[in-house]
>>> print(open('query.cif').read())   # mmCIF, C-alpha atoms
data_model
loop_
_atom_site.label_atom_id
_atom_site.label_comp_id
_atom_site.auth_asym_id
_atom_site.auth_seq_id
_atom_site.Cartn_x
_atom_site.Cartn_y
_atom_site.Cartn_z
CA MET A 940 46.13 -45.20 -37.61
CA THR A 941 45.06 -48.65 -36.48
CA GLY A 942 47.38 -50.85 -34.46
CA SER A 943 48.05 -53.11 -37.45
CA GLY A 944 48.59 -50.07 -39.71
CA ALA A 945 51.10 -48.58 -37.28
CA LYS A 946 52.88 -51.94 -36.99
CA ALA A 947 53.11 -52.22 -40.79
CA ALA A 948 54.46 -48.65 -40.98
CA VAL A 949 57.04 -49.40 -38.28
CA GLU A 950 58.14 -52.57 -40.10
CA TRP A 951 58.41 -50.77 -43.45
CA LEU A 952 60.43 -47.88 -42.01
CA ALA A 953 62.69 -50.06 -39.84
CA SER A 954 63.46 -52.32 -42.83
CA VAL A 955 65.94 -49.72 -44.12
CA ALA A 956 68.02 -49.79 -40.92
CA PRO A 957 71.26 -51.80 -40.92
CA ASP A 958 69.79 -53.84 -38.04
CA PRO A 959 65.96 -53.57 -38.14
CA ASP A 960 65.49 -55.44 -34.84
CA ALA A 961 67.87 -53.13 -33.01
CA CYS A 962 66.23 -50.14 -34.68
CA ARG A 963 62.75 -51.16 -33.53
CA TRP A 964 64.00 -51.90 -30.00
CA GLU A 965 65.72 -48.51 -29.69
CA TRP A 966 62.90 -46.64 -31.39
CA GLU A 967 60.26 -48.00 -29.04
CA ARG A 968 62.38 -47.09 -25.99
CA ASN A 969 63.77 -43.75 -27.14
CA PRO A 970 62.14 -41.02 -25.01
CA LEU A 971 62.09 -38.70 -28.04
CA GLY A 972 60.33 -41.34 -30.14
CA VAL A 973 62.63 -40.87 -33.13
CA ALA A 974 65.12 -42.93 -35.12
CA LEU A 975 67.86 -41.87 -37.50
CA LEU A 976 67.18 -43.85 -40.69
CA PRO A 977 69.12 -44.04 -43.96
CA ALA A 978 67.47 -42.56 -47.03
CA GLY A 979 68.07 -43.90 -50.52
CA ARG A 980 67.11 -47.53 -49.95
CA ARG A 981 63.31 -47.68 -50.09
CA TRP A 982 62.77 -43.93 -50.37
CA ASP A 983 64.37 -40.53 -50.78
CA VAL A 984 63.02 -37.41 -49.12
CA LEU A 985 62.52 -34.07 -50.85
CA ILE A 986 62.58 -31.28 -48.26
CA LEU A 987 60.58 -28.15 -49.03
CA PRO A 988 60.30 -24.93 -47.05
CA GLY A 989 57.08 -25.00 -45.03
CA GLU A 990 55.58 -21.99 -46.81
CA LEU A 991 55.72 -23.97 -50.06
CA GLY A 992 55.24 -27.43 -48.55
CA TYR A 993 51.83 -26.92 -47.00
CA PRO A 994 50.10 -25.59 -50.12
CA THR A 995 51.90 -28.28 -52.13
CA LEU A 996 50.49 -30.98 -49.83
CA ASP A 997 46.99 -29.48 -50.14
CA ILE A 998 47.20 -29.61 -53.94
CA LEU A 999 48.77 -33.07 -53.95
CA ALA A 1000 45.95 -34.38 -51.74
CA ARG A 1001 43.48 -33.25 -54.45
CA LEU A 1002 45.47 -35.04 -57.19
CA VAL A 1003 45.82 -38.47 -55.56
CA ASP A 1004 43.80 -40.59 -53.16
CA ARG A 1005 46.71 -40.83 -50.76
CA PRO A 1006 50.10 -39.16 -51.08
CA GLY A 1007 53.18 -40.89 -49.73
CA PRO A 1008 54.48 -40.15 -46.24
CA VAL A 1009 55.15 -36.53 -45.32
CA LEU A 1010 57.07 -35.20 -42.31
CA ALA A 1011 57.11 -31.73 -40.78
CA ASP A 1012 59.77 -30.38 -38.46
CA PHE A 1013 59.19 -28.48 -35.25
CA GLY A 1014 57.90 -25.04 -36.13
CA ASP A 1015 56.78 -26.20 -39.58
CA SER A 1016 59.75 -24.55 -41.28
CA ARG A 1017 60.42 -27.63 -43.44
CA MET A 1018 58.44 -30.56 -44.82
CA GLY A 1019 59.79 -33.84 -46.16
CA PHE A 1020 57.97 -35.72 -48.93
CA PHE A 1021 58.91 -39.41 -49.32
CA VAL A 1022 59.59 -40.17 -52.99
CA PRO A 1023 61.11 -43.17 -54.84
CA PRO A 1024 64.81 -43.88 -54.27
CA GLY A 1025 67.07 -42.10 -56.74
CA THR A 1026 64.78 -39.07 -57.06
CA THR A 1027 67.12 -36.67 -55.26
CA ALA A 1028 70.00 -37.54 -57.59
CA ARG A 1029 67.90 -36.35 -60.55
CA TRP A 1030 66.07 -33.44 -58.89
CA ILE A 1031 67.02 -30.03 -60.29
CA GLY A 1032 64.43 -27.77 -58.61
CA THR A 1033 65.75 -24.79 -56.70
CA GLY A 1034 64.98 -24.26 -53.02
CA VAL A 1035 64.40 -27.99 -52.47
CA ARG A 1036 66.86 -30.07 -50.49
CA GLY A 1037 67.13 -33.80 -50.90
CA ALA A 1038 67.97 -36.72 -48.65
CA GLY A 1039 69.00 -39.68 -50.74
CA HIS A 1040 71.67 -42.37 -50.78
CA GLY A 1041 74.32 -41.68 -48.14
CA THR A 1042 72.15 -39.47 -45.94
CA ARG A 1043 70.06 -40.11 -42.85
CA ILE A 1044 66.91 -38.45 -41.62
CA VAL A 1045 65.19 -38.20 -38.25
CA VAL A 1046 61.98 -40.24 -38.41
CA PRO A 1047 59.35 -40.25 -35.65
CA TYR A 1048 57.72 -43.48 -34.52
CA PRO A 1049 54.40 -43.79 -36.45
CA GLY A 1050 51.35 -42.97 -34.40
CA ARG A 1051 53.27 -41.55 -31.43
CA ALA A 1052 53.95 -37.92 -30.60
CA SER A 1053 57.62 -36.97 -30.70
CA GLY A 1054 59.61 -33.91 -29.90
CA GLY A 1055 60.40 -31.93 -32.99
CA VAL A 1056 59.36 -34.01 -36.00
CA ARG A 1057 55.88 -35.28 -36.75
CA TRP A 1058 53.99 -37.11 -39.47
CA LEU A 1059 51.55 -35.09 -41.57
CA VAL A 1060 50.87 -38.18 -43.70
CA LEU A 1061 51.77 -41.45 -42.00
CA PRO A 1062 53.38 -44.25 -43.99
CA ASP A 1063 50.78 -46.86 -44.93
CA GLY A 1064 53.24 -49.71 -44.48
CA SER A 1065 52.85 -50.90 -48.06
CA GLY A 1066 55.49 -48.61 -49.52
CA THR A 1067 53.25 -45.93 -51.05
CA LEU A 1068 55.43 -42.99 -52.10
CA THR A 1069 54.71 -39.67 -53.75
CA ASP A 1070 55.21 -39.62 -57.51
CA PRO A 1071 57.93 -36.98 -58.16
CA ALA A 1072 56.21 -35.72 -61.32
CA LEU A 1073 52.96 -35.11 -59.41
CA LEU A 1074 54.90 -33.51 -56.57
CA GLU A 1075 56.58 -31.18 -59.04
CA LEU A 1076 53.23 -30.30 -60.61
CA ALA A 1077 51.75 -29.57 -57.17
CA MET A 1078 54.79 -27.47 -56.26
CA HIS A 1079 54.46 -25.36 -59.43
CA GLU A 1080 50.76 -24.80 -58.78
CA ALA A 1081 51.44 -23.91 -55.12
CA ALA A 1082 54.25 -21.51 -56.09
CA ALA A 1083 52.00 -19.81 -58.66
CA SER A 1084 49.25 -19.45 -56.05
CA ILE A 1085 51.71 -17.94 -53.56
CA ALA A 1086 52.96 -15.51 -56.22
CA ARG A 1087 49.38 -14.45 -57.07
CA GLN A 1088 48.65 -13.84 -53.37
CA GLY A 1089 51.81 -11.72 -53.12
CA ASP A 1090 50.66 -9.59 -56.06
CA GLY A 1091 47.26 -8.92 -54.55
#
>>> encode(input="query.cif", output="structure tokens")
Amino acid sequence: MTGSGAKAAVEWLASVAPDPDACRWEWERNPLGVALLPAGRRWDVLILPGELGYPTLDILARLVDRPGPVLADFGDSRMGFFVPPGTTARWIGTGVRGAGHGTRIVVPYPGRASGGVRWLVLPDGSGTLTDPALLELAMHEAAASIARQGDG
């Protein structure tokens, strides 16, 4: 990510903090390179198990030019897809956790390595998010593919 792209991503992410200036200041100085940001303002996060998340991301990347931001935790056991605010309140899929209004998530500083959480798809700074309907389609296709592999 270019310097201006990283700056735009930082500004977009920090804008959800109660005090964006304090958030940026702490984030840039935090040795872990992470911030705890509230979900539900500009985005919700749908959290998939890694074994479903990775094939879902592969399929999603074939459906759209650029999916919204995606996080992975240490060990790749979970992946978080950034979706429009309000999505988690309406999501009924099983095995998927949601971070929406009233929750906070650990977010790494864009473009910098952090301990534990990393970006698989960096925010573009413009607010691009993953369409929940396309994410659901990609999840169904990924789940079907996993089931076929288990049968073989």
>>> resolve_selection(input="query.cif", expression="the PyMOL selection byres ((chain A and resi 1055) around 7)", output="ChimeraX atom specification")
/A:1012-1013,1053-1054,1056-1057
>>> atom_distance(input="query.cif", atom1="CA of Leu1010 in chain A", atom2="CA of His1040 in chain A")
18.3 Å
>>> atom_distance(input="query.cif", atom1="CA of Pro1024 in chain A", atom2="CA of Pro977 in chain A")
11.2 Å
>>> resolve_selection(input="query.cif", expression="the PyMOL selection byres ((chain A and resi 1014-1018) around 6)", output="PyMOL selection string")
chain A and resi 986-989+992+1010-1013+1019
>>> atom_distance(input="query.cif", atom1="CA of Thr1042 in chain A", atom2="CA of Ala948 in chain A")
20.5 Å
>>> closest_residue(input="query.cif", among="A:Val984, A:Ala1077, A:Arg1051, A:Gly1064", to="Arg968 in chain A", atoms="all atoms listed in the file")
A:Arg1051
>>> resolve_selection(input="query.cif", expression="the PyMOL selection byres ((chain A and resi 1028) around 10)", output="count of residues only")
13
>>> axis_aligned_box(input="query.cif", around="range 983-989 of chain A", padding_each_side="3 Å", output="lines of an AutoDock Vina configuration file")
center_x = 60.7
center_y = -32.7
center_z = -47.9
size_x = 13.3
size_y = 21.6
size_z = 11.8
>>> closest_residue(input="query.cif", among="A:Leu985, A:Val1046, A:Leu1002, A:Val1009", to="Val949 in chain A", atoms="only C-alpha atoms")
A:Val1046
>>> residues_around(input="query.cif", residues="range 1081-1085 of chain A", least_positions_apart="3", cutoff="7 Å", atoms="all atoms listed in the file", output="list in words")
Leu991, Pro994, Thr995, Ala1077, Met1078, Gln1088 and Gly1089 of chain A
>>> write_last_selection(input="query.cif", atoms="C-alpha atoms", output="mmCIF file, in the frame of the given file")
data_model
loop_
_atom_site.group_PDB
_atom_site.id
_atom_site.type_symbol
_atom_site.label_atom_id
_atom_site.label_comp_id
_atom_site.auth_asym_id
_atom_site.auth_seq_id
_atom_site.Cartn_x
_atom_site.Cartn_y
_atom_site.Cartn_z
ATOM 1 C CA LEU A 991 55.720 -23.970 -50.060
ATOM 2 C CA PRO A 994 50.100 -25.590 -50.120
ATOM 3 C CA THR A 995 51.900 -28.280 -52.130
ATOM 4 C CA ALA A 1077 51.750 -29.570 -57.170
ATOM 5 C CA MET A 1078 54.790 -27.470 -56.260
ATOM 6 C CA GLN A 1088 48.650 -13.840 -53.370
ATOM 7 C CA GLY A 1089 51.810 -11.720 -53.120
#
>>> closest_residue(input="query.cif", among="A:Ile998, A:Val1022, A:Val973, A:Leu1076", to="Trp1058 in chain A", atoms="only C-alpha atoms")
A:Val973
